[in-house]
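Engineer: Structure below; questions to follow.
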Number of protein chains: 2
Amino acid sequence: MADSIEGGLIALDAMGGDFAPKEIVLGAKKALADYSIRSLLVGDKTKISEFNDVSLPVYHASEVISMDDDPAKSVRNKKDSSLSRCADLVSQGKCTATISAGNTGAAMAAALFKIGRIKGVSRPAIATTIPMVGHHPTVMLDSGANAECQSDWLVQFAQMGAVYSSIRYNIEKPKVALLSIGEESTKGSPLIKETHKKLVDLSSNSFEFIGNVEGRDLLEAVADVVVTDGFTGNVALKTLEGSLKFFMKMLLGVMNTNDETKKAQDVLLNYLLPIAEELDPETTGGAMLLGIDGISIISHGSSSAKAISNALRVSDELVKANIVEHLKKAVEQN
Amino acid sequence: MADSIEGGLIALDAMGGDFAPKEIVLGAKKALADYSIRSLLVGDKTKISEFNDVSLPVYHASEVISMDDDPAKSVRNKKDSSLSRCADLVSQGKCTATISAGNTGAAMAAALFKIGRIKGVSRPAIATTIPMVGHHPTVMLDSGANAECQSDWLVQFAQMGAVYSSIRYNIEKPKVALLSIGEESTKGSPLIKETHKKLVDLSSNSFEFIGNVEGRDLLEAVADVVVTDGFTGNVALKTLEGSLKFFMKMLLGVMNTNDETKKAQDVLLNYLLPIAEELDPETTGGAMLLGIDGISIISHGSSSAKAISNALRVSDELVKANIVEHLKKAVEQN
């Protein structure tokens, strides 16, 4: 079956995510309509066919890795799972990129086991984009792949994050910062102090190291790239997510108190909705696994068709920009 | 001079903070007027006298530790600084508690060097209270004293945080959670997994361990106490601070767009202001250093008279509740 695949397609895990396969297939249809991007739908062909009325190509996979499955074990044992098959297709050069909204750990494991690391990369990292209002997003990495890190890994995250920011947002020399608990180079954990020193000494031509930033700077667009270990990065991102959600809920609650507040809501929503649109994680197009020898994108578990369509758009851009070659050069320079 | 001090006073660092001595002295006056709490104003007697028209007692100190001073060095070298003298007064039993809005690291160092640790406590932690809407605050510790932690320290943070939450918010058996990057016990760094196991095994009568929480739960009032290392805690708190500030600024900007939105603002502010008041860090009364053999409260650098008055109110409650004795019992149980 694999032999008959047309070239240049993005492998899309049609079975991964809370609203799979429906929203995933609808996302693929949307990307085809909006951006003329063709994807290969990987998963249960019967279930996919229910929504695939545009005859996007399908690659049948009989198994599904669930959100609760153990990442490494499930990739090893469920060889015919949609998520594993997506990684296989990239590894075999049959697809240009893979996208999954399924089990993040399993997507990471599949990318590592099947596609492999870029030579010289110690640990791949998850690069998430934090949306900003009126400014391009900030790339934060690692946002959860490596709960414990070493300073050399963080230096590579800086190099790879700079390439990613540069390509995605067309920035000549991205500003790279280190997430810490004080701006001074003497503040932070031993890991942060050591990394700070190494980044100062590195004096790269491809990015500018601007020192430490704090949690309160994350929405201030002070840096293009924020480097952190996967534990801190994940906590910070989820804290951001949680507080924006809290605030939106609180505000909507207040605006729905009575007729008078509902009138106020009608006025304000005209101005608030465009901002909410800018901050919507669904528009950012997923998180890339940087350091993998191929393009692997992780989309949020709750991805809608819109999120999947945006992930396809971003993947297509990254394929065309040859991002993996740029990443290879960036880590070679050490 | 010290011999003439009346008993039962709280030592207040009148020179610490961005708006010292004015806001500090005004805060002391407010606490006297609102709660009949008398404090001892520690600092430059001439500068203090400018605002002290109610004849609150003054303890002269000739030096000031600035925000940029090295914490340990400044406490060692500036022996007659207001911040150091406050700790001296508690250590000598002449005051019941100390409050400073100055250099946090120096306040920590002064408390450690002069007042000392509770016997058996490995490391004191900064316990910050995260305000909630319609619910008592969540106590988060450590929020910045110890950038690197060991699992035994985190277990003590849980024990001490439970005592603090129990006394401050009158909770019989506080719910204690561990901040991690997934709810499952298998998620997180080695430190978190190890601590999780120890907290499960501890089965304390004085608190209930409810497992891991994530960054997105911090404003959801799921736990009374959230335990974390000082690096992660500090990043999470500042991320919360930053995102709430961002959202308020964005909302105020939108509401000030034109006459129509300003009218909407007039309607909504009646409902938003009480919520903003609940979320205002100035009302929470500062952060306590848990594990010190005395009461030492750190107030935000930007503290206004209101924040200082609330810190005095909370300190007074903690003195009356004999919190240090309760903390001693909690860590003895191991």
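Chain lettering (A, B, ...) mirrors the order of the structure tokens, residue numbering begins at 1 for each chain separately, and ligand numbering begins at 1 in order of display.
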Can you write out as a Markdown table which residues of chain B fall within 8 Å of chain A, alongside each residue's closest atom pair and its distance in Å to one decimal, counting only C-alpha atoms and ordering rows by chain and ascending residue number?

Structural biologist:
```
| residue | atom | partner | partner_atom | distance |
| --- | --- | --- | --- | --- |
| B:Gly144 | CA | A:Ile181 | CA | 7.6 |
| B:Ala147 | CA | A:Ser189 | CA | 5.0 |
| B:Glu148 | CA | A:Ser189 | CA | 6.1 |
| B:Ser180 | CA | A:Val235 | CA | 7.1 |
| B:Ile181 | CA | A:Asn234 | CA | 6.2 |
| B:Gly188 | CA | A:Ala147 | CA | 6.2 |
| B:Ser189 | CA | A:Ala147 | CA | 5.0 |
| B:Pro190 | CA | A:Glu148 | CA | 7.9 |
| B:Glu214 | CA | A:Val235 | CA | 6.6 |
| B:Gly215 | CA | A:Thr239 | CA | 4.1 |
| B:Arg216 | CA | A:Gly242 | CA | 3.9 |
| B:Asp217 | CA | A:Gly242 | CA | 6.6 |
| B:Leu218 | CA | A:Thr239 | CA | 7.0 |
| B:Leu219 | CA | A:Ser243 | CA | 6.8 |
| B:Phe231 | CA | A:Ile181 | CA | 6.5 |
| B:Thr232 | CA | A:Thr232 | CA | 5.8 |
| B:Asn234 | CA | A:Ile181 | CA | 6.2 |
| B:Val235 | CA | A:Gly215 | CA | 4.9 |
| B:Ala236 | CA | A:Ala236 | CA | 5.6 |
| B:Leu237 | CA | A:Gly215 | CA | 7.5 |
| B:Lys238 | CA | A:Gly215 | CA | 4.7 |
| B:Thr239 | CA | A:Gly215 | CA | 4.1 |
| B:Leu240 | CA | A:Ser243 | CA | 6.5 |
| B:Glu241 | CA | A:Arg216 | CA | 6.2 |
| B:Gly242 | CA | A:Arg216 | CA | 3.9 |
| B:Ser243 | CA | A:Leu240 | CA | 6.5 |
| B:Leu244 | CA | A:Ser243 | CA | 7.0 |
| B:Phe246 | CA | A:Leu219 | CA | 7.1 |
| B:Phe247 | CA | A:Phe247 | CA | 7.4 |
| B:Val254 | CA | A:Tyr271 | CA | 6.4 |
| B:Met255 | CA | A:Leu268 | CA | 7.1 |
| B:Glu260 | CA | A:Val267 | CA | 7.2 |
| B:Thr261 | CA | A:Leu268 | CA | 6.3 |
| B:Lys263 | CA | A:Ala264 | CA | 7.6 |
| B:Ala264 | CA | A:Ala264 | CA | 4.3 |
| B:Gln265 | CA | A:Ala264 | CA | 7.4 |
| B:Val267 | CA | A:Thr261 | CA | 6.4 |
| B:Leu268 | CA | A:Thr261 | CA | 6.3 |
| B:Tyr271 | CA | A:Val254 | CA | 6.4 |
| B:Leu272 | CA | A:Val254 | CA | 7.1 |
```

Engineer: Could you please take those selected residues and save C-alpha atoms as a JSON list (two decimals), in the first residue's frame?

Structural biologist:
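Saved file result.json follows:
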```json
[["chain", "number", "residue", "atom", "x", "y", "z"],
["B", 144, "GLY", "CA", 11.87, 31.61, 45.93],
["B", 147, "ALA", "CA", 16.35, 27.39, 43.90],
["B", 148, "GLU", "CA", 17.32, 23.74, 44.28],
["B", 180, "SER", "CA", 4.14, 18.94, 38.63],
["B", 181, "ILE", "CA", 3.69, 18.55, 34.88],
["B", 188, "GLY", "CA", 7.48, 14.99, 36.67],
["B", 189, "SER", "CA", 11.16, 15.25, 37.55],
["B", 190, "PRO", "CA", 12.91, 12.62, 39.69],
["B", 214, "GLU", "CA", -0.46, 21.47, 37.27],
["B", 215, "GLY", "CA", 0.17, 25.14, 36.50],
["B", 216, "ARG", "CA", -3.33, 25.46, 35.09],
["B", 217, "ASP", "CA", -4.83, 24.50, 38.49],
["B", 218, "LEU", "CA", -3.19, 27.31, 40.46],
["B", 219, "LEU", "CA", -6.18, 29.67, 40.26],
["B", 231, "PHE", "CA", 12.75, 28.03, 41.34],
["B", 232, "THR", "CA", 9.53, 26.60, 39.91],
["B", 234, "ASN", "CA", 8.94, 31.70, 41.76],
["B", 235, "VAL", "CA", 8.49, 31.27, 38.00],
["B", 236, "ALA", "CA", 4.87, 30.15, 38.46],
["B", 237, "LEU", "CA", 3.99, 33.04, 40.79],
["B", 238, "LYS", "CA", 5.57, 35.64, 38.56],
["B", 239, "THR", "CA", 3.84, 34.10, 35.53],
["B", 240, "LEU", "CA", 0.50, 34.42, 37.33],
["B", 241, "GLU", "CA", 1.32, 38.00, 38.31],
["B", 242, "GLY", "CA", 2.39, 38.86, 34.77],
["B", 243, "SER", "CA", -0.65, 37.36, 33.07],
["B", 244, "LEU", "CA", -3.15, 39.01, 35.40],
["B", 246, "PHE", "CA", -1.39, 41.79, 31.13],
["B", 247, "PHE", "CA", -5.08, 41.00, 31.12],
["B", 254, "VAL", "CA", -10.19, 48.16, 25.34],
["B", 255, "MET", "CA", -12.63, 49.87, 27.72],
["B", 260, "GLU", "CA", -19.24, 53.88, 23.91],
["B", 261, "THR", "CA", -16.67, 51.57, 25.49],
["B", 263, "LYS", "CA", -19.89, 53.77, 29.11],
["B", 264, "ALA", "CA", -19.57, 49.99, 29.11],
["B", 265, "GLN", "CA", -16.65, 50.40, 31.50],
["B", 267, "VAL", "CA", -21.26, 49.59, 34.06],
["B", 268, "LEU", "CA", -18.74, 46.77, 34.40],
["B", 271, "TYR", "CA", -18.69, 44.28, 39.21],
["B", 272, "LEU", "CA", -15.00, 44.06, 38.31]]
```

Engineer: For a test of reading the model, state the distance in Å between atom CA of A:Gln156 and atom CA of A:Ala107, rounded to one decimal.

Structural biologist: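 About the pair atom CA of A:Gln156 and atom CA of A:Ala107: they are 20.9 Å apart.
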
Engineer: Skip B:Asp69 itself and residues of its chain fewer than 6 positions away, then list as a ChimeraX atom specification all residues within 10 Å of it, counting only C-alpha atoms.

Structural biologist: /B:75,103,105-106

Engineer: Would you please extract all helix (DSSP H, G or I) residues from stretch 70-310 of chain B, as assigned by DSSP on the backbone, and give them as a PyMOL selection string?

Structural biologist: chain B and resi 71-77+82-91+104-115+151-169+190-202+215-217+230-255+259-279+281-283+305-310

Engineer: Do you know which residues are at most 8 Å from B:Lys94 counting only C-alpha atoms, after dropping those on the same chain fewer than 4 positions away, and could you put them as a VMD selection string?

Structural biologist: chain B and resid 5 7 to 9 89 to 90

Engineer: Any idea what's packed within 12 Å of B:Ser203, counting only C-alpha atoms, ignoring anything in its chain fewer than 6 positions away? Could you give it as a ChimeraX atom specification?

Structural biologist: /B:155,158-159,176,196-197,209-210,333-334

Engineer: Keeping only N, CA and C atoms, write the selected residues to a file as a PDB file, in the first residue's frame.

Structural biologist:
```pdb
ATOM      1  N   VAL B 155       8.993  17.695  51.658  1.00  0.00           N
ATOM      2  CA  VAL B 155       8.081  17.068  52.626  1.00  0.00           C
ATOM      3  C   VAL B 155       7.870  18.009  53.815  1.00  0.00           C
ATOM      4  N   ALA B 158       5.570  20.760  52.925  1.00  0.00           N
ATOM      5  CA  ALA B 158       4.177  20.305  52.998  1.00  0.00           C
ATOM      6  C   ALA B 158       3.671  20.393  54.443  1.00  0.00           C
ATOM      7  N   GLN B 159       4.481  19.910  55.382  1.00  0.00           N
ATOM      8  CA  GLN B 159       4.066  19.925  56.789  1.00  0.00           C
ATOM      9  C   GLN B 159       3.893  21.354  57.301  1.00  0.00           C
ATOM     10  N   VAL B 176      -3.101  19.252  50.571  1.00  0.00           N
ATOM     11  CA  VAL B 176      -1.760  19.606  50.117  1.00  0.00           C
ATOM     12  C   VAL B 176      -1.492  18.938  48.768  1.00  0.00           C
ATOM     13  N   HIS B 196       6.604  12.753  45.845  1.00  0.00           N
ATOM     14  CA  HIS B 196       5.240  12.220  45.762  1.00  0.00           C
ATOM     15  C   HIS B 196       5.137  10.938  46.590  1.00  0.00           C
ATOM     16  N   LYS B 197       6.090  10.054  46.396  1.00  0.00           N
ATOM     17  CA  LYS B 197       6.094   8.776  47.121  1.00  0.00           C
ATOM     18  C   LYS B 197       6.176   9.014  48.636  1.00  0.00           C
ATOM     19  N   PHE B 209      -2.840  14.660  51.554  1.00  0.00           N
ATOM     20  CA  PHE B 209      -2.070  14.812  50.322  1.00  0.00           C
ATOM     21  C   PHE B 209      -2.937  14.401  49.141  1.00  0.00           C
ATOM     22  N   ILE B 210      -3.201  15.341  48.246  1.00  0.00           N
ATOM     23  CA  ILE B 210      -4.125  15.052  47.145  1.00  0.00           C
ATOM     24  C   ILE B 210      -3.403  14.773  45.819  1.00  0.00           C
ATOM     25  N   GLN B 333       7.268  15.584  64.211  1.00  0.00           N
ATOM     26  CA  GLN B 333       6.567  14.301  64.048  1.00  0.00           C
ATOM     27  C   GLN B 333       7.310  13.298  63.175  1.00  0.00           C
ATOM     28  N   ASN B 334       8.256  13.790  62.383  1.00  0.00           N
ATOM     29  CA  ASN B 334       8.968  12.856  61.479  1.00  0.00           C
ATOM     30  C   ASN B 334       9.859  11.879  62.234  1.00  0.00           C
TER      31      ASN B 334
END
```

Engineer: Considering only C-alpha atoms, return as an MDAnalysis selection string whatever protein or nucleic-acid residues lie within 10 Å of A:Gly27, sequence-local ones (same chain, fewer than 3 positions apart) excluded.

Structural biologist: chainID A and resid 12 14 21:24 30:33 39 303:312
